[in-house]
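J.: Here it is, the structure, as structure tokens.
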Amino acid sequence: MRLDDPKAAMSFWSGSFPQADTERTTVILFDGVAVQYGAGPQILHDVTFTLAPGSFHFLVGRSGAGKSSMLKVMYLGLRPAIGTVSLFGRDVATLARAEMPALRRRIGVVFQDFRLIDHLSTLDNVALPLRVAGVRETEVRKHVSELLAWVGLADHLHALPATLSGGQQQRVAIARAVIARPSLLLADEPTGNVDDVIGLRLMYLFEELNRLGTTVVIATHNDTLVSRFSHRQLRIESGSIRVFDPRPMTNYPIPQPAANAAAAFAAQQSAQLRRPGVA
Amino acid sequence: MLGMRSDLPLDRDAAARFLPWIIGFMVYLCVIAVAAALTVDRVAERWRQGLAGNLTVELPFPAEIETAKRAEQLDHAIDLITATPGITGATVLDDSQIAALLSPWLGPDATQLDVPLPTMIAVTRRTDATVDLAALRAKLQQILPDARVDDHGDWVSDALGFLRSLQALAAALSALALGAAALTVIFVTRTGLATHRGVIEVVHLIGAPDRYIARQFQAQALKLGILGGGVGLGLGAATVIGIDRLIDLAVGGGSPGLVVDFRLLPWQWGVLVVLPLVVALIAMLTARMTVLRSLARMP
């Protein structure tokens with residue numbers, strides 16, 4: 001497979017393993033969210049926005065602005081200090097511990113520091129989400145090796161992370177995040193360690209996943225990338241979020257103003273609270 | 001489950017490397033204790049059966065009684081005994097038999113000593129019949145007020161009580177060994193959870209439920225439990241057989257009689273073989289519960 005052909009066929013998402021369900025409710029809703037670590041200062045405050053199903057957003061902001069913390073809240077790795085966060089229509093504050101795994105399986109995460117499991121091979125690292133979901137082993141091997149070939153790691157199936165370069169590890173991390181075709185993909189600087197050719201190829205991978213229905217959020221400070229793909233942006237500016245659409249005049253569906261949706265959600269939540277007997 | 005692929009490198013944990021040895025040692029103790037308890041059970045059964053068919057009648061004739069009168073009373077007593085329902089025979093022990101019985105206490109010349117010895121009658125009875133000992137005793141005491149009928153009941157119940165307390169001791173030792181093994185598993189599992197916290201967090205974020213992580217720990221505990229248990233069973237069995245050989249050598253290969261012999265029956269070996277499996281199962285369940293409880297406390 002030629003790596004410089006960014007649109008080579010992506011067959012690894014076909015087959016019988018669990019597929020992303022088509023989302024109808026708002027995928028992510030933040031309403032008046034503040035984020036802080038322990039008793040430290042608030043890193044983010046008054047964050048209010050919604051992400052519609054199937055949308056594609058860049059999360060931009062200067063280094064240290066709080067992009068990773070934002071993603072952390074989105075993948076249930078950090079609870080907000082203040083405000084409401086809702087994922088797939090579920091308020092995460094009311095989420096029982098036992099309900100989290102099922103929700104997390106719908107989210108693919110590319111961590112900035114990759115977080116590959118050191119003693120597992122490339123293949124086993126990428127296979128993990130499928131195995132956790134209980135996919136048959138023959139299916140697992142087939143899909144994983146196809147995806148790894150697509151990201152240019154066909155020769156490294158049995159390599160341990162420590163023997164891979166930073167760029168190769170990044171591709172393993174991306175493959176692990178997308179293999180199970182999540183409903184929501186959160187990627188933290190996913191093209192930070194690869195050259196432009198591979199970076200472009202990975203972007204096409206995300207776009208294809210998005211075309212199949214996955215909501216995508218990519219945190220990056222790579223302006224070239226952001227300007228090349230004119231997706232909407234969640235801009236972190238002075239500790240809060242501003243939604244920016246670079247192409248307001250195109251045929252792109254005009255999003256409902258985020259604040260309105262958030263207010264509507266909050267009203268609905270409090271209405272349910274007021275009605276006894278409604279869970 | 002034993003061949004399960006593991007996402008956590010549990011077999012590289014230093015603490016886990018000690019687990020088979022500790023479990024092996026605990027299984028060894030259990031095997032010895034249980035083998036001893038089973039042996040004691042057989043000894044008790046043998047004592048009970050050996051004595052159940054026997055009575056002893058003791059007639060302490062006064063020294064001054066005439067020989068003819070003594071013979072008459074003895075005949076009368078034997079008639080009374082043999083006429084009692086359930087009794088199959090009565091034999092008067094001669095001097096040499098009494099001497100043999102007394103020699104452990106009074107030396108080989110017991111009958112030559114100037115000590116009045118009672119006349120002893122060994123009575124055999126049907127084990128399935130009840131003999132009215134009180135009536136027999138009353139009748140014999142009409143002949144000789146000091147006559148005694150002994151069915152060895154007191155002695156047997158004392159001896160059995162002693163054997164039962166030995167068994168209780170064996171059970172307590174086994175329980176302690178099992179408890180120690182379970183505590184070790186808890187310690188090793190908690191160490192593993194702490195060591196692999198980072199990997200567990202990633203696996204959690206990927207959407208693995210707690211039981212997915214618990215499965216890996218419990219598979220590891222089962223594997224190490226069976227390994228250690230096998231070693232413990234092997235050494236324990238060798239010890240049991242060795243002790244049996246030593247006893248054989250000591251008593252010169254003859255029937256050991258009251259001496260304990262460690263030769264176990266096939267079903268008793270079966271119990272010993274199941275023992276390490278039970279311990280491995282306990283190790284597995286302990287690991288599972290430890291993981292689930294520890295993870296439930298995580299944020």
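How things are named: the first chain in the structure tokens is A, the next is B, and so on; residues count from 1 in each chain; ligands count from 1 in the order shown.
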With a cut-off of 6 Å and counting only C-alpha atoms, select all residues of chain A in contact with chain B and give the selection as a PDB file with C-alpha atoms, in the first residue's frame.

T.:
ATOM      1  CA  PRO A 101     -17.460   1.549  30.439  1.00  0.00           C
ATOM      2  CA  ARG A 104     -16.351   5.100  27.102  1.00  0.00           C
ATOM      3  CA  ARG A 105     -16.478   2.380  24.481  1.00  0.00           C
ATOM      4  CA  PRO A 129     -10.814  -1.768  22.162  1.00  0.00           C
ATOM      5  CA  VAL A 132     -12.746  -5.196  25.409  1.00  0.00           C
TER       6      VAL A 132
END

J.: Within 9 Å of segment 221-237 of chain A, counting only C-alpha atoms, which residues qualify if same-chain residues fewer than 5 places away don't, as a PDB file with N, CA and C atoms, in the first residue's frame?

T.:
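Generated file (out.pdb):
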ATOM      1  N   LEU A  44     -10.255  26.562  32.983  1.00  0.00           N
ATOM      2  CA  LEU A  44     -11.325  26.949  32.054  1.00  0.00           C
ATOM      3  C   LEU A  44     -12.514  27.397  32.889  1.00  0.00           C
ATOM      4  N   PHE A  49     -21.070  25.125  25.142  1.00  0.00           N
ATOM      5  CA  PHE A  49     -21.202  24.834  23.703  1.00  0.00           C
ATOM      6  C   PHE A  49     -21.855  23.468  23.544  1.00  0.00           C
ATOM      7  N   SER A  55     -20.458  16.058  13.581  1.00  0.00           N
ATOM      8  CA  SER A  55     -19.717  17.299  13.324  1.00  0.00           C
ATOM      9  C   SER A  55     -18.217  17.047  13.416  1.00  0.00           C
ATOM     10  N   PHE A  56     -17.449  18.006  12.916  1.00  0.00           N
ATOM     11  CA  PHE A  56     -15.988  17.899  12.919  1.00  0.00           C
ATOM     12  C   PHE A  56     -15.453  19.227  13.418  1.00  0.00           C
ATOM     13  N   HIS A  57     -14.751  19.200  14.536  1.00  0.00           N
ATOM     14  CA  HIS A  57     -14.234  20.442  15.117  1.00  0.00           C
ATOM     15  C   HIS A  57     -12.746  20.340  15.394  1.00  0.00           C
ATOM     16  N   PHE A  58     -12.076  21.457  15.147  1.00  0.00           N
ATOM     17  CA  PHE A  58     -10.725  21.601  15.681  1.00  0.00           C
ATOM     18  C   PHE A  58     -10.848  22.280  17.033  1.00  0.00           C
ATOM     19  N   LEU A  59     -10.054  21.823  17.990  1.00  0.00           N
ATOM     20  CA  LEU A  59      -9.982  22.502  19.289  1.00  0.00           C
ATOM     21  C   LEU A  59      -8.649  23.239  19.279  1.00  0.00           C
ATOM     22  N   VAL A  60      -8.713  24.559  19.180  1.00  0.00           N
ATOM     23  CA  VAL A  60      -7.466  25.318  19.029  1.00  0.00           C
ATOM     24  C   VAL A  60      -7.262  26.269  20.202  1.00  0.00           C
ATOM     25  N   GLY A  61      -6.035  26.669  20.354  1.00  0.00           N
ATOM     26  CA  GLY A  61      -5.662  27.559  21.442  1.00  0.00           C
ATOM     27  C   GLY A  61      -4.170  27.431  21.627  1.00  0.00           C
ATOM     28  N   ARG A  62      -3.595  28.462  22.204  1.00  0.00           N
ATOM     29  CA  ARG A  62      -2.133  28.394  22.341  1.00  0.00           C
ATOM     30  C   ARG A  62      -1.769  27.297  23.346  1.00  0.00           C
ATOM     31  N   SER A  63      -0.505  26.950  23.318  1.00  0.00           N
ATOM     32  CA  SER A  63      -0.014  25.880  24.189  1.00  0.00           C
ATOM     33  C   SER A  63      -0.302  26.214  25.656  1.00  0.00           C
ATOM     34  N   ALA A  65      -3.274  26.375  26.965  1.00  0.00           N
ATOM     35  CA  ALA A  65      -4.553  27.083  27.098  1.00  0.00           C
ATOM     36  C   ALA A  65      -5.620  26.219  27.780  1.00  0.00           C
ATOM     37  N   GLY A  66      -5.409  24.889  27.774  1.00  0.00           N
ATOM     38  CA  GLY A  66      -6.386  24.005  28.401  1.00  0.00           C
ATOM     39  C   GLY A  66      -7.049  23.042  27.423  1.00  0.00           C
ATOM     40  N   LYS A  67      -6.412  22.854  26.249  1.00  0.00           N
ATOM     41  CA  LYS A  67      -6.993  21.943  25.247  1.00  0.00           C
ATOM     42  C   LYS A  67      -7.073  20.516  25.783  1.00  0.00           C
ATOM     43  N   GLU A 189      -3.475  16.548  19.575  1.00  0.00           N
ATOM     44  CA  GLU A 189      -2.292  16.758  18.719  1.00  0.00           C
ATOM     45  C   GLU A 189      -1.947  15.480  17.952  1.00  0.00           C
ATOM     46  N   THR A 191      -1.251  14.816  14.943  1.00  0.00           N
ATOM     47  CA  THR A 191      -0.295  14.840  13.835  1.00  0.00           C
ATOM     48  C   THR A 191       0.987  15.545  14.257  1.00  0.00           C
ATOM     49  N   GLY A 192       1.178  15.650  15.537  1.00  0.00           N
ATOM     50  CA  GLY A 192       2.320  16.404  16.050  1.00  0.00           C
ATOM     51  C   GLY A 192       3.674  15.777  15.772  1.00  0.00           C
ATOM     52  N   GLY A 199       0.768  13.053   7.992  1.00  0.00           N
ATOM     53  CA  GLY A 199      -0.205  13.918   8.668  1.00  0.00           C
ATOM     54  C   GLY A 199      -1.469  14.062   7.829  1.00  0.00           C
ATOM     55  N   LEU A 200      -1.265  14.273   6.543  1.00  0.00           N
ATOM     56  CA  LEU A 200      -2.389  14.420   5.627  1.00  0.00           C
ATOM     57  C   LEU A 200      -3.209  13.127   5.558  1.00  0.00           C
ATOM     58  N   MET A 203      -5.289  12.796   8.558  1.00  0.00           N
ATOM     59  CA  MET A 203      -6.446  13.690   8.499  1.00  0.00           C
ATOM     60  C   MET A 203      -7.549  13.088   7.628  1.00  0.00           C
ATOM     61  N   ARG A 242     -14.834  29.816  22.440  1.00  0.00           N
ATOM     62  CA  ARG A 242     -15.619  30.531  21.442  1.00  0.00           C
ATOM     63  C   ARG A 242     -15.728  29.605  20.231  1.00  0.00           C
ATOM     64  N   VAL A 243     -16.941  29.418  19.731  1.00  0.00           N
ATOM     65  CA  VAL A 243     -17.110  28.567  18.555  1.00  0.00           C
ATOM     66  C   VAL A 243     -16.950  29.442  17.316  1.00  0.00           C
ATOM     67  N   PHE A 244     -16.092  28.983  16.406  1.00  0.00           N
ATOM     68  CA  PHE A 244     -15.794  29.785  15.218  1.00  0.00           C
ATOM     69  C   PHE A 244     -16.005  28.925  13.985  1.00  0.00           C
ATOM     70  N   ASP A 245     -16.780  29.433  13.042  1.00  0.00           N
ATOM     71  CA  ASP A 245     -17.005  28.702  11.793  1.00  0.00           C
ATOM     72  C   ASP A 245     -16.324  29.451  10.668  1.00  0.00           C
ATOM     73  N   PRO A 246     -15.295  28.872  10.053  1.00  0.00           N
ATOM     74  CA  PRO A 246     -14.548  29.597   9.018  1.00  0.00           C
ATOM     75  C   PRO A 246     -15.312  29.727   7.703  1.00  0.00           C
ATOM     76  N   ARG A 247     -16.423  29.041   7.578  1.00  0.00           N
ATOM     77  CA  ARG A 247     -17.127  29.106   6.281  1.00  0.00           C
ATOM     78  C   ARG A 247     -18.628  29.307   6.508  1.00  0.00           C
TER      79      ARG A 247
END

J.: Would you please work out which residue, of A:Val110, A:Ala175, A:Val85, A:Ala34, is nearest to Asp124 of chain A when using only C-alpha atoms?

T.: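 Among the listed residues, A:Ala175 lies closest to Asp124 of chain A.
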
J.: Taking only C-alpha atoms into account, name the residue in B:Thr67, B:Arg197, B:Val40, B:Arg46 that is nearest to Ile117 of chain A.

T.: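 Closest to Ile117 of chain A, using only C-alpha atoms: B:Arg197.
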
J.: May I have the residues within 10 Å of Ala129 of chain B as a PyMOL selection string, using only C-alpha atoms and disregarding those fewer than 5 positions away in the same chain?

T.: chain B and resi 53+85-87

J.: If we count only C-alpha atoms and set the cut-off at 10 Å, which residues sit around Ala154 of chain A, ignoring sequence neighbours fewer than 2 positions away in its own chain? Please answer as a list in words.

T.: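 That gives Met1, Thr122, Leu123, Val144, Ser145, Glu146, Leu147, Leu148, Ala149, Trp150, Val151, Gly152, His156, Leu157 and His158 of chain A.
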
J.: Considering only C-alpha atoms, state which residue in the set A:Val92, A:Ala173, A:Ile218, A:Ala102 is at the smallest distance from Leu128 of chain A.

T.: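 Ranked by minimum distance to Leu128 of chain A, first place goes to A:Ala173.
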
J.: Using only C-alpha atoms, which of B:Leu136, B:Ser174, B:Ala181, B:Asp146 sits nearest Gly228 of chain B?

T.: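 With only C-alpha atoms as the atom set, the closest residue is B:Ala181.
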